[in-house]
$ cat data.cif   # mmCIF, C-alpha atoms
data_run
loop_
_atom_site.label_atom_id
_atom_site.label_comp_id
_atom_site.auth_asym_id
_atom_site.auth_seq_id
_atom_site.Cartn_x
_atom_site.Cartn_y
_atom_site.Cartn_z
CA MET A 56 20.49 -157.87 134.72
CA THR A 57 18.95 -154.50 133.88
CA SER A 58 15.33 -153.62 134.38
CA ILE A 59 14.57 -153.98 130.66
CA ASP A 60 16.34 -157.36 130.60
CA LYS A 61 14.15 -158.54 133.46
CA LEU A 62 11.05 -157.24 131.71
CA ILE A 63 11.94 -159.14 128.53
CA ALA A 64 12.74 -162.33 130.48
CA ASN A 65 9.40 -162.13 132.31
CA THR A 66 7.20 -161.35 129.30
CA ILE A 67 8.70 -162.52 125.99
CA ARG A 68 8.45 -166.17 124.94
CA GLU A 69 11.64 -168.15 125.40
CA ASP A 70 11.71 -169.39 121.78
CA VAL A 71 11.33 -165.81 120.53
CA ARG A 72 14.14 -164.59 122.80
CA ALA A 73 16.36 -167.38 121.50
CA GLY A 74 15.53 -166.68 117.86
CA HIS A 75 16.85 -164.25 115.28
CA ILE A 76 15.38 -161.42 113.27
CA TYR A 77 14.67 -162.21 109.60
CA ASN A 78 17.51 -160.12 108.22
CA VAL A 79 17.43 -158.52 104.77
CA PRO A 80 20.84 -157.04 103.86
CA ASP A 81 21.20 -153.53 102.46
CA SER A 82 21.55 -153.74 98.69
CA SER A 83 22.43 -150.11 97.94
CA GLY A 84 25.01 -149.93 95.17
CA TYR A 85 24.81 -153.65 94.35
CA ILE A 86 23.36 -155.66 91.49
CA LYS A 87 20.61 -157.37 93.45
CA LEU A 88 20.24 -161.00 92.40
CA ASP A 89 19.37 -162.51 95.79
CA ALA A 90 15.61 -161.97 96.18
CA MET A 91 13.91 -163.38 93.06
CA GLU A 92 12.53 -160.01 91.96
CA ASN A 93 11.39 -159.12 88.45
CA PRO A 94 13.98 -156.57 87.22
CA TYR A 95 11.56 -154.89 84.80
CA GLN A 96 9.29 -151.98 85.64
CA LEU A 97 6.04 -151.18 83.88
CA PRO A 98 6.37 -149.32 80.57
CA ASP A 99 6.48 -145.52 80.88
CA ALA A 100 2.97 -144.98 79.51
CA LEU A 101 1.47 -147.37 82.04
CA ARG A 102 3.49 -145.84 84.86
CA ALA A 103 2.09 -142.42 84.00
CA GLU A 104 -1.45 -143.78 84.00
CA LEU A 105 -0.83 -145.55 87.30
CA ALA A 106 0.50 -142.33 88.82
CA GLN A 107 -2.83 -140.67 88.10
CA ARG A 108 -4.76 -143.52 89.67
CA LEU A 109 -2.58 -143.32 92.77
CA ALA A 110 -3.11 -139.57 92.94
CA ASP A 111 -6.86 -140.21 92.97
CA ALA A 112 -6.66 -142.86 95.71
CA VAL A 113 -8.82 -142.15 98.76
CA LEU A 114 -6.21 -142.15 101.51
CA ASN A 115 -8.34 -140.67 104.28
CA ARG A 116 -10.64 -143.71 104.40
CA TYR A 117 -10.01 -147.31 105.32
CA PRO A 118 -9.82 -149.77 102.42
CA VAL A 119 -13.06 -151.37 101.28
CA PRO A 120 -12.84 -154.55 103.40
CA SER A 121 -14.28 -156.87 100.76
CA TYR A 122 -11.51 -156.02 98.27
CA ALA A 123 -14.04 -156.87 95.60
CA GLY A 124 -12.14 -155.23 92.74
CA ILE A 125 -8.90 -157.15 93.26
CA LYS A 126 -10.69 -160.43 93.90
CA GLU A 127 -12.77 -160.10 90.75
CA ARG A 128 -9.66 -159.54 88.65
CA ILE A 129 -7.77 -162.42 90.29
CA ARG A 130 -10.65 -164.82 89.69
CA ALA A 131 -11.06 -163.68 86.08
CA LYS A 132 -7.40 -163.47 85.03
CA LEU A 133 -5.42 -165.87 87.19
CA GLY A 134 -7.26 -169.15 86.72
CA VAL A 135 -9.37 -169.52 89.87
CA PRO A 136 -12.01 -172.20 89.14
CA ALA A 137 -15.68 -171.27 89.01
CA GLY A 138 -17.29 -171.43 92.43
CA PHE A 139 -14.02 -170.74 94.26
CA ASP A 140 -12.83 -167.47 95.75
CA VAL A 141 -9.71 -165.96 97.31
CA ILE A 142 -8.60 -164.15 100.42
CA LEU A 143 -5.79 -161.60 100.33
CA GLY A 144 -2.72 -161.11 102.46
CA ASN A 145 0.21 -158.78 102.93
CA GLY A 146 2.37 -161.02 100.75
CA SER A 147 2.46 -164.80 101.01
CA ASP A 148 4.02 -164.42 104.46
CA GLU A 149 0.75 -163.20 105.97
CA ILE A 150 -1.22 -165.92 104.18
CA ILE A 151 1.08 -168.54 105.72
CA SER A 152 0.57 -166.94 109.13
CA ILE A 153 -3.21 -166.95 108.65
CA LEU A 154 -3.17 -170.64 107.75
CA CYS A 155 -1.07 -171.52 110.79
CA THR A 156 -3.16 -169.40 113.16
CA ALA A 157 -6.40 -170.97 111.94
CA THR A 158 -5.11 -174.55 112.29
CA ALA A 159 -3.15 -174.20 115.56
CA ARG A 160 -5.64 -176.20 117.60
CA GLN A 161 -5.82 -175.70 121.35
CA ASP A 162 -6.81 -179.26 122.25
CA LYS A 163 -3.51 -180.69 121.01
CA ARG A 164 -0.13 -179.59 119.69
CA ALA A 165 -0.77 -179.20 115.96
CA VAL A 166 1.87 -180.00 113.35
CA VAL A 167 3.04 -178.31 110.16
CA LEU A 168 4.92 -180.59 107.77
CA ALA A 169 6.97 -179.72 104.70
CA PRO A 170 9.78 -181.16 102.64
CA ILE A 171 13.11 -179.49 103.38
CA PRO A 172 14.96 -177.46 102.33
CA ALA A 173 11.99 -175.13 101.83
CA PHE A 174 10.82 -171.55 102.32
CA VAL A 175 11.89 -170.56 105.82
CA MET A 176 8.54 -168.94 106.67
CA PHE A 177 6.80 -172.32 106.79
CA GLN A 178 8.80 -173.18 109.90
CA ARG A 179 8.85 -169.68 111.41
CA SER A 180 5.09 -169.21 111.08
CA ALA A 181 4.45 -172.62 112.60
CA GLN A 182 6.66 -171.73 115.55
CA PHE A 183 5.01 -168.37 116.15
CA ALA A 184 1.55 -169.95 115.99
CA GLY A 185 2.55 -172.47 118.68
CA MET A 186 2.75 -175.44 116.32
CA ASP A 187 5.43 -178.09 115.82
CA PHE A 188 7.29 -178.16 112.52
CA VAL A 189 8.36 -181.43 110.94
CA GLY A 190 10.74 -181.26 107.99
CA VAL A 191 11.15 -184.24 105.66
CA PRO A 192 14.40 -184.13 103.63
CA LEU A 193 14.18 -184.16 99.86
CA LYS A 194 16.12 -186.70 97.86
CA ALA A 195 19.60 -185.80 96.62
CA ASP A 196 18.15 -184.63 93.29
CA PHE A 197 15.70 -182.38 95.23
CA SER A 198 12.67 -184.52 94.34
CA LEU A 199 10.06 -185.45 96.93
CA ASP A 200 10.73 -188.55 99.01
CA ARG A 201 7.19 -189.86 98.68
CA ALA A 202 7.66 -192.79 101.05
CA ALA A 203 9.20 -190.59 103.75
CA MET A 204 6.49 -187.96 103.34
CA LEU A 205 3.69 -190.52 103.64
CA ALA A 206 5.37 -192.09 106.67
CA ALA A 207 5.69 -188.68 108.33
CA ILE A 208 2.02 -187.94 107.64
CA ALA A 209 1.00 -191.24 109.22
CA GLU A 210 3.20 -190.61 112.28
CA HIS A 211 2.65 -186.90 112.92
CA LYS A 212 -0.86 -186.34 111.50
CA PRO A 213 -0.17 -182.77 110.39
CA SER A 214 -2.84 -180.11 110.17
CA LEU A 215 -0.95 -178.42 107.31
CA VAL A 216 1.44 -179.68 104.65
CA PHE A 217 3.23 -177.07 102.54
CA LEU A 218 4.39 -178.10 99.06
CA ALA A 219 6.11 -175.33 97.13
CA TYR A 220 5.51 -175.77 93.40
CA PRO A 221 8.18 -175.01 92.22
CA ASN A 222 10.22 -175.19 95.38
CA ASN A 223 12.30 -172.40 96.86
CA PRO A 224 15.30 -172.63 97.18
CA THR A 225 15.82 -175.55 94.79
CA GLY A 226 13.73 -174.26 91.85
CA ASN A 227 12.33 -177.61 90.72
CA LEU A 228 8.75 -178.78 90.26
CA TYR A 229 7.79 -181.80 92.32
CA ASP A 230 6.32 -184.82 90.58
CA GLU A 231 2.57 -184.35 90.25
CA ALA A 232 1.79 -187.96 91.21
CA ASP A 233 3.82 -187.57 94.42
CA MET A 234 1.87 -184.45 95.34
CA VAL A 235 -1.47 -186.11 94.62
CA ALA A 236 -0.48 -189.06 96.83
CA ILE A 237 0.20 -186.64 99.69
CA ILE A 238 -3.10 -184.82 99.17
CA GLU A 239 -5.00 -188.10 99.16
CA ALA A 240 -3.12 -189.43 102.20
CA LEU A 241 -4.19 -186.43 104.26
CA GLY A 242 -7.79 -186.54 103.10
CA GLU A 243 -10.15 -184.99 105.65
CA ASN A 244 -7.45 -184.86 108.34
CA GLY A 245 -5.20 -182.14 106.95
CA ILE A 246 -4.82 -179.32 104.45
CA VAL A 247 -2.26 -179.31 101.65
CA VAL A 248 -1.00 -175.88 100.63
CA ALA A 249 0.37 -175.71 97.09
CA ASP A 250 2.65 -172.67 97.29
CA GLU A 251 2.76 -171.41 93.71
CA ALA A 252 4.70 -168.20 94.24
CA TYR A 253 6.64 -168.83 91.02
CA HIS A 254 3.66 -169.77 88.88
CA PRO A 255 4.33 -166.95 86.35
CA PHE A 256 7.48 -168.82 85.34
CA ALA A 257 6.47 -172.44 85.92
CA ARG A 258 3.26 -172.17 83.86
CA THR A 259 1.85 -175.25 85.53
CA SER A 260 -0.47 -175.34 88.49
CA PHE A 261 -2.68 -177.26 90.88
CA MET A 262 -5.30 -174.51 90.71
CA ASP A 263 -7.57 -176.54 88.41
CA LYS A 264 -7.48 -179.42 90.92
CA LEU A 265 -9.23 -177.44 93.66
CA PRO A 266 -12.69 -178.86 92.82
CA GLN A 267 -11.27 -182.40 92.91
CA TYR A 268 -9.58 -182.17 96.33
CA PRO A 269 -11.47 -180.32 99.10
CA ASN A 270 -8.37 -180.34 101.34
CA LEU A 271 -6.22 -178.55 98.74
CA VAL A 272 -5.59 -174.80 98.77
CA VAL A 273 -3.43 -172.82 96.34
CA MET A 274 -1.32 -169.89 97.53
CA ARG A 275 0.24 -167.36 95.18
CA THR A 276 1.74 -163.89 95.25
CA LEU A 277 1.98 -160.98 92.86
CA SER A 278 5.56 -160.35 94.04
CA LYS A 279 7.28 -162.58 91.49
CA LEU A 280 5.01 -161.36 88.72
CA GLY A 281 6.70 -157.98 89.01
CA LEU A 282 4.95 -156.35 91.97
CA ALA A 283 7.17 -157.25 94.93
CA GLY A 284 6.90 -153.70 96.25
CA ILE A 285 3.15 -153.83 96.88
CA ARG A 286 3.22 -157.04 98.99
CA LEU A 287 0.07 -158.81 97.86
CA GLY A 288 -0.53 -162.53 98.25
CA TYR A 289 -3.70 -164.52 97.73
CA LEU A 290 -5.12 -167.90 98.64
CA ALA A 291 -7.68 -169.82 96.58
CA ALA A 292 -9.74 -172.51 98.28
CA ALA A 293 -13.20 -173.93 98.79
CA PRO A 294 -15.52 -171.16 100.08
CA ALA A 295 -16.22 -173.01 103.34
CA LEU A 296 -12.47 -173.17 104.11
CA LEU A 297 -11.93 -169.54 103.12
CA GLU A 298 -14.63 -168.50 105.56
CA GLN A 299 -12.64 -170.05 108.40
CA PHE A 300 -9.34 -168.49 107.32
CA ASP A 301 -11.04 -165.11 106.92
CA LYS A 302 -11.94 -165.15 110.60
CA VAL A 303 -8.29 -164.76 111.60
CA ARG A 304 -7.30 -162.38 108.80
CA PRO A 305 -6.55 -158.93 110.24
CA PRO A 306 -9.09 -156.30 109.17
CA TYR A 307 -7.95 -153.91 106.43
CA ASN A 308 -4.79 -155.99 105.93
CA VAL A 309 -4.34 -154.77 102.34
CA ASN A 310 -3.83 -151.02 102.09
CA VAL A 311 -5.46 -148.65 99.61
CA LEU A 312 -2.29 -148.03 97.57
CA THR A 313 -1.67 -151.76 97.18
CA GLN A 314 -5.27 -152.18 96.11
CA VAL A 315 -5.01 -149.49 93.43
CA VAL A 316 -1.73 -150.82 92.03
CA ALA A 317 -2.92 -154.43 92.03
CA GLU A 318 -6.16 -153.64 90.21
CA PHE A 319 -4.27 -151.58 87.65
CA ALA A 320 -1.60 -154.22 87.09
CA LEU A 321 -4.16 -156.99 86.69
CA ASP A 322 -5.91 -154.87 84.07
CA HIS A 323 -2.59 -155.04 82.17
CA VAL A 324 -1.46 -158.51 83.21
CA GLU A 325 -0.37 -159.31 79.66
CA VAL A 326 2.56 -156.88 80.11
CA LEU A 327 3.70 -158.76 83.22
CA ASP A 328 3.25 -162.10 81.47
CA GLU A 329 5.47 -160.90 78.63
CA GLN A 330 8.16 -159.91 81.13
CA ALA A 331 7.95 -163.38 82.70
CA ALA A 332 8.35 -164.96 79.26
CA ARG A 333 11.49 -162.88 78.68
CA LEU A 334 12.91 -164.02 82.01
CA ASN A 335 12.20 -167.66 81.14
CA GLU A 336 14.19 -167.26 77.93
CA ALA A 337 17.01 -165.63 79.87
CA ARG A 338 16.89 -168.46 82.43
CA THR A 339 17.56 -171.03 79.69
CA GLU A 340 20.49 -169.01 78.35
CA LEU A 341 22.00 -168.33 81.78
CA ALA A 342 21.65 -171.95 82.90
CA ALA A 343 23.43 -173.18 79.77
CA ALA A 344 26.25 -170.67 80.20
CA MET A 345 26.80 -171.63 83.83
CA ALA A 346 26.62 -175.36 83.10
CA ALA A 347 29.54 -174.92 80.71
CA LEU A 348 31.80 -173.62 83.49
CA PRO A 349 34.24 -176.07 85.10
CA GLY A 350 33.19 -177.43 88.47
CA VAL A 351 29.65 -176.02 88.28
CA THR A 352 26.49 -178.12 88.56
CA VAL A 353 23.28 -176.37 87.52
CA PHE A 354 19.98 -177.73 88.81
CA PRO A 355 16.79 -177.58 86.71
CA SER A 356 14.60 -174.58 87.50
CA SER A 357 11.00 -173.68 86.75
CA ALA A 358 11.23 -170.41 88.69
CA ASN A 359 12.90 -167.05 88.06
CA PHE A 360 16.07 -168.17 89.82
CA ILE A 361 18.67 -170.88 89.34
CA THR A 362 20.36 -172.95 92.02
CA LEU A 363 23.86 -174.17 91.27
CA ARG A 364 26.64 -175.98 93.07
CA VAL A 365 30.16 -174.55 92.94
CA PRO A 366 33.43 -175.89 94.37
CA ASP A 367 33.45 -173.39 97.26
CA ALA A 368 30.28 -171.41 97.93
CA GLU A 369 31.84 -169.18 100.61
CA LYS A 370 34.67 -168.15 98.32
CA THR A 371 32.39 -167.61 95.33
CA CYS A 372 29.95 -165.47 97.30
CA ALA A 373 32.77 -163.38 98.73
CA LYS A 374 34.19 -162.79 95.26
CA LEU A 375 30.78 -161.85 93.86
CA PHE A 376 30.14 -159.54 96.80
CA ALA A 377 33.45 -157.80 96.11
CA GLU A 378 32.23 -157.23 92.55
CA ARG A 379 29.03 -155.63 93.95
CA VAL A 380 26.84 -158.58 92.98
CA LEU A 381 24.43 -159.99 95.58
CA ILE A 382 23.41 -163.63 95.35
CA LYS A 383 22.22 -166.10 98.00
CA ASN A 384 24.55 -168.54 99.71
CA LEU A 385 22.40 -171.62 100.36
CA SER A 386 25.13 -173.83 101.76
CA ARG A 387 24.23 -173.18 105.40
CA MET A 388 20.52 -173.94 104.98
CA HIS A 389 20.70 -177.72 104.72
CA GLU A 390 23.26 -180.45 104.04
CA LEU A 391 21.58 -181.17 100.69
CA LEU A 392 22.61 -177.65 99.64
CA ALA A 393 26.32 -178.01 100.37
CA ASN A 394 28.24 -175.45 98.29
CA CYS A 395 25.05 -174.31 96.56
CA ILE A 396 24.23 -170.73 95.64
CA ARG A 397 21.07 -169.20 94.16
CA VAL A 398 20.93 -166.44 91.58
CA THR A 399 17.91 -164.49 90.37
CA VAL A 400 17.47 -164.37 86.59
CA SER A 401 17.62 -160.73 85.55
CA THR A 402 18.15 -158.48 82.54
CA PRO A 403 20.72 -159.45 79.89
CA GLU A 404 23.04 -156.74 81.22
CA GLU A 405 22.87 -157.89 84.84
CA ASN A 406 23.08 -161.55 83.87
CA SER A 407 26.25 -160.77 81.92
CA VAL A 408 27.85 -158.96 84.86
CA PHE A 409 27.00 -161.87 87.15
CA LEU A 410 28.29 -164.48 84.71
CA ASN A 411 31.63 -162.68 84.25
CA ALA A 412 32.01 -162.27 88.02
CA LEU A 413 31.16 -165.96 88.53
CA LYS A 414 33.78 -167.00 85.96
CA ALA A 415 36.37 -164.84 87.66
CA SER A 416 35.53 -166.26 91.09
CA LEU A 417 36.05 -169.81 89.83
CA GLN A 418 39.45 -168.97 88.35
CA ALA A 419 40.79 -167.12 91.37
#

$ encode --input "data.cif" --output "structure tokens"
Amino acid sequence: MTSIDKLIANTIREDVRAGHIYNVPDSSGYIKLDAMENPYQLPDALRAELAQRLADAVLNRYPVPSYAGIKERIRAKLGVPAGFDVILGNGSDEIISILCTATARQDKRAVVLAPIPAFVMFQRSAQFAGMDFVGVPLKADFSLDRAAMLAAIAEHKPSLVFLAYPNNPTGNLYDEADMVAIIEALGENGIVVADEAYHPFARTSFMDKLPQYPNLVVMRTLSKLGLAGIRLGYLAAAPALLEQFDKVRPPYNVNVLTQVVAEFALDHVEVLDEQAARLNEARTELAAAMAALPGVTVFPSSANFITLRVPDAEKTCAKLFAERVLIKNLSRMHELLANCIRVTVSTPEENSVFLNALKASLQA
């Protein structure tokens, strides 16, 4: 064992040493349909105006720590109820980490609970915060297993329950009554996080239920709205809860350039909403075209991606990769996703290339 190996063994946590880096493959030269990104940029006139704002950004000073400009726009334009506020994060990932850090109690081993399959960062953030993660399998149709969720809550008494609405990687919206039952079951003993990353496409939300349920918080991101590059997430909750979460938020966690772009984009949010509407129309068309292919099962989606089951996911992904099309192979994530793949809804041109490559892969 080398000196550096000994150093790592003596200092780095065992579960970290045994883990893996969150790998994002190089997409250069590929049609990128694996990351649920909005394929549309801002119109040229708005990009020119944004360039001037960025040129005027004050880069030699730290960001204004209150982020008042972004917060004001989020509250005004994105449906935050009166009397509620938001905190900001470097994408949803940092918000999840903040939530786990704040609830990782030291007097007992705290628990994070979520239906699975789900966004991998729920489990990773719980692990890194020193919490236990409990996953409750969805039903075969990807709906919530209400009875199993309530039983797990009674047994494990989680501090946090994450409910993605709609869910990634399955794309479906959970039944509202099932979610309410979970919120009510936790009551004062745990926090329910409605992860609404795909709200621009789902057009339904638990945001208006914040005043009704003090233990409910709503997490969103601007990434899926068309601003993945700026990495801005936000969390809406009761002010008393936000105060606690804010205590563990890193100072200056949102940089000046992100702040400028976010404020500008929210001043023109109708452009991003129109792009989301276009992608929803394309989702309907793409889903219908794939459902007509032999051996393909398409699952309902309220997001900007579609999950489908093919006869052989490994073969299909390899064929698509050879055609320079990147999609996500879900089949290794969970047994419920056997032979499932996930494709981002994109422009008509990219959707057409994907669909032709998918047809060819099924015939080969």

$ atom_distance --input "data.cif" --atom1 "CA of Leu391 (chain A)" --atom2 "CA of Ala206 (chain A)"
20.4 Å

$ residues_around --input "data.cif" --residues "Ala293 (chain A)" --least-positions-apart "2" --cutoff "12 Å" --atoms "only C-alpha atoms" --output "VMD selection string"
chain A and resid 135 to 142 246 262 264 to 273 290 to 291 295 to 300

$ resolve_selection --input "data.cif" --expression "the PyMOL selection byres ((chain A and resi 187-196) around 6)" --output "list in words"
Val166, Val167, Leu168, Ala169, Pro170, Ile171, Gln178, Met186, Phe197, Ser198, Leu199 and Asp200 of chain A

$ resolve_selection --input "data.cif" --expression "the PyMOL selection byres ((chain A and resi 85) around 12)" --output "list in words"
Pro80, Asp81, Ser82, Ser83, Gly84, Ile86, Lys87, Leu88, Asp89, Leu375, Phe376, Ala377, Glu378, Arg379, Val380, Leu381, Ile382, Glu405, Val408 and Phe409 of chain A

$ resolve_selection --input "data.cif" --expression "the PyMOL selection byres ((chain A and resi 317) around 12)" --output "ChimeraX atom specification"
/A:105,108-109,122-129,143,276-278,280-289,309-316,318-324,327

$ atom_distance --input "data.cif" --atom1 "CA of Lys370 (chain A)" --atom2 "CA of Asn335 (chain A)"
28.3 Å

$ residues_around --input "data.cif" --residues "Phe217 (chain A)" --least-positions-apart "2" --cutoff "7 Å" --atoms "only C-alpha atoms" --output "ChimeraX atom specification"
/A:168-169,215,219,247-250

$ residues_near_point --input "data.cif" --point "(16.6, -163.0, 83.0)" --cutoff "9 Å" --atoms "all atoms listed in the file" --output "number ranges by chain"
A: 93-94, 331, 333-341, 359-360, 399-403, 405-406

$ closest_residue --input "data.cif" --among "A:Val235, A:Gly134, A:Asn244, A:Ser416" --to "Asp263 (chain A)" --atoms "all atoms listed in the file"
A:Gly134

$ atom_distance --input "data.cif" --atom1 "CA of Val351 (chain A)" --atom2 "CA of Arg364 (chain A)"
5.7 Å

$ residues_around --input "data.cif" --residues "Thr156 (chain A)" --least-positions-apart "5" --cutoff "9 Å" --atoms "only C-alpha atoms" --output "JSON, numbers by chain"
{"A": [151, 180, 181, 183, 184, 185, 300, 303]}

$ residues_around --input "data.cif" --residues "Arg397 (chain A)" --least-positions-apart "5" --cutoff "7 Å" --atoms "all atoms listed in the file" --output "list in words"
Phe360, Ile361, Thr362, Leu363, Ile382, Lys383, Asn384 and Leu385 of chain A

$ write_last_selection --input "data.cif" --atoms "C-alpha atoms" --output "PDB file, in the coordinates of the input"
ATOM      1  CA  PHE A 360      16.070-168.170  89.820  1.00  0.00           C
ATOM      2  CA  ILE A 361      18.670-170.880  89.340  1.00  0.00           C
ATOM      3  CA  THR A 362      20.360-172.950  92.020  1.00  0.00           C
ATOM      4  CA  LEU A 363      23.860-174.170  91.270  1.00  0.00           C
ATOM      5  CA  ILE A 382      23.410-163.630  95.350  1.00  0.00           C
ATOM      6  CA  LYS A 383      22.220-166.100  98.000  1.00  0.00           C
ATOM      7  CA  ASN A 384      24.550-168.540  99.710  1.00  0.00           C
ATOM      8  CA  LEU A 385      22.400-171.620 100.360  1.00  0.00           C
TER       9      LEU A 385
END

$ closest_residue --input "data.cif" --among "A:Arg304, A:His389, A:His254, A:Arg179" --to "Ile76 (chain A)" --atoms "only C-alpha atoms"
A:Arg179

$ residues_around --input "data.cif" --residues "Ala240 (chain A)" --least-positions-apart "5" --cutoff "9 Å" --atoms "all atoms listed in the file" --output "ChimeraX atom specification"
/A:205,208-209,235,245

$ residues_near_point --input "data.cif" --point "(22.4, -170.2, 107.6)" --cutoff "12 Å" --atoms "all atoms listed in the file" --output "MDAnalysis selection string"
chainID A and resid 75 77:78 172 175 369 383:390 392:393

$ closest_residue --input "data.cif" --among "A:Ala236, A:Val71, A:Ala64, A:Ala412" --to "Gln182 (chain A)" --atoms "all atoms listed in the file"
A:Val71

$ build_atoms --input "data.cif" --residues "region 130-145 of chain A" --atoms "N, CA, C and O atoms" --output "compact mmCIF listing (two decimals), in the coordinates of the input"
# COMPACT_ATOMS: atom_id res chain seq x y z
N ARG A 130 -9.83 -163.69 90.13
CA ARG A 130 -10.65 -164.82 89.69
C ARG A 130 -10.72 -164.88 88.16
O ARG A 130 -10.64 -165.96 87.55
N ALA A 131 -10.86 -163.72 87.53
CA ALA A 131 -11.06 -163.68 86.08
C ALA A 131 -9.77 -163.93 85.30
O ALA A 131 -9.80 -164.54 84.23
N LYS A 132 -8.62 -163.49 85.84
CA LYS A 132 -7.40 -163.47 85.03
C LYS A 132 -6.34 -164.46 85.47
O LYS A 132 -5.38 -164.71 84.74
N LEU A 133 -6.49 -165.03 86.66
CA LEU A 133 -5.42 -165.87 87.19
C LEU A 133 -5.85 -167.31 87.44
O LEU A 133 -5.21 -168.03 88.21
N GLY A 134 -6.94 -167.72 86.80
CA GLY A 134 -7.26 -169.15 86.72
C GLY A 134 -7.99 -169.76 87.88
O GLY A 134 -8.00 -170.99 88.02
N VAL A 135 -8.62 -168.96 88.74
CA VAL A 135 -9.37 -169.52 89.87
C VAL A 135 -10.62 -170.21 89.33
O VAL A 135 -11.38 -169.61 88.57
N PRO A 136 -10.86 -171.48 89.69
CA PRO A 136 -12.01 -172.20 89.14
C PRO A 136 -13.34 -171.56 89.54
O PRO A 136 -13.45 -170.91 90.59
N ALA A 137 -14.33 -171.77 88.72
CA ALA A 137 -15.68 -171.27 89.01
C ALA A 137 -16.16 -171.85 90.35
O ALA A 137 -15.96 -173.02 90.65
N GLY A 138 -16.79 -171.00 91.14
CA GLY A 138 -17.29 -171.43 92.43
C GLY A 138 -16.29 -171.31 93.56
O GLY A 138 -16.64 -171.56 94.72
N PHE A 139 -15.06 -170.92 93.25
CA PHE A 139 -14.02 -170.74 94.26
C PHE A 139 -13.68 -169.26 94.37
O PHE A 139 -13.91 -168.48 93.44
N ASP A 140 -13.14 -168.88 95.51
CA ASP A 140 -12.83 -167.47 95.75
C ASP A 140 -11.44 -167.39 96.36
O ASP A 140 -10.74 -168.40 96.50
N VAL A 141 -11.03 -166.18 96.73
CA VAL A 141 -9.71 -165.96 97.31
C VAL A 141 -9.82 -165.05 98.53
O VAL A 141 -10.77 -164.29 98.67
N ILE A 142 -8.83 -165.17 99.41
CA ILE A 142 -8.60 -164.15 100.42
C ILE A 142 -7.22 -163.56 100.14
O ILE A 142 -6.37 -164.19 99.50
N LEU A 143 -7.00 -162.34 100.63
CA LEU A 143 -5.79 -161.60 100.33
C LEU A 143 -4.93 -161.43 101.58
O LEU A 143 -5.44 -161.40 102.70
N GLY A 144 -3.64 -161.31 101.36
CA GLY A 144 -2.72 -161.11 102.46
C GLY A 144 -1.62 -160.14 102.10
O GLY A 144 -1.39 -159.85 100.92
N ASN A 145 -0.94 -159.65 103.12
CA ASN A 145 0.21 -158.78 102.93
C ASN A 145 1.40 -159.66 102.52
O ASN A 145 2.25 -160.02 103.34
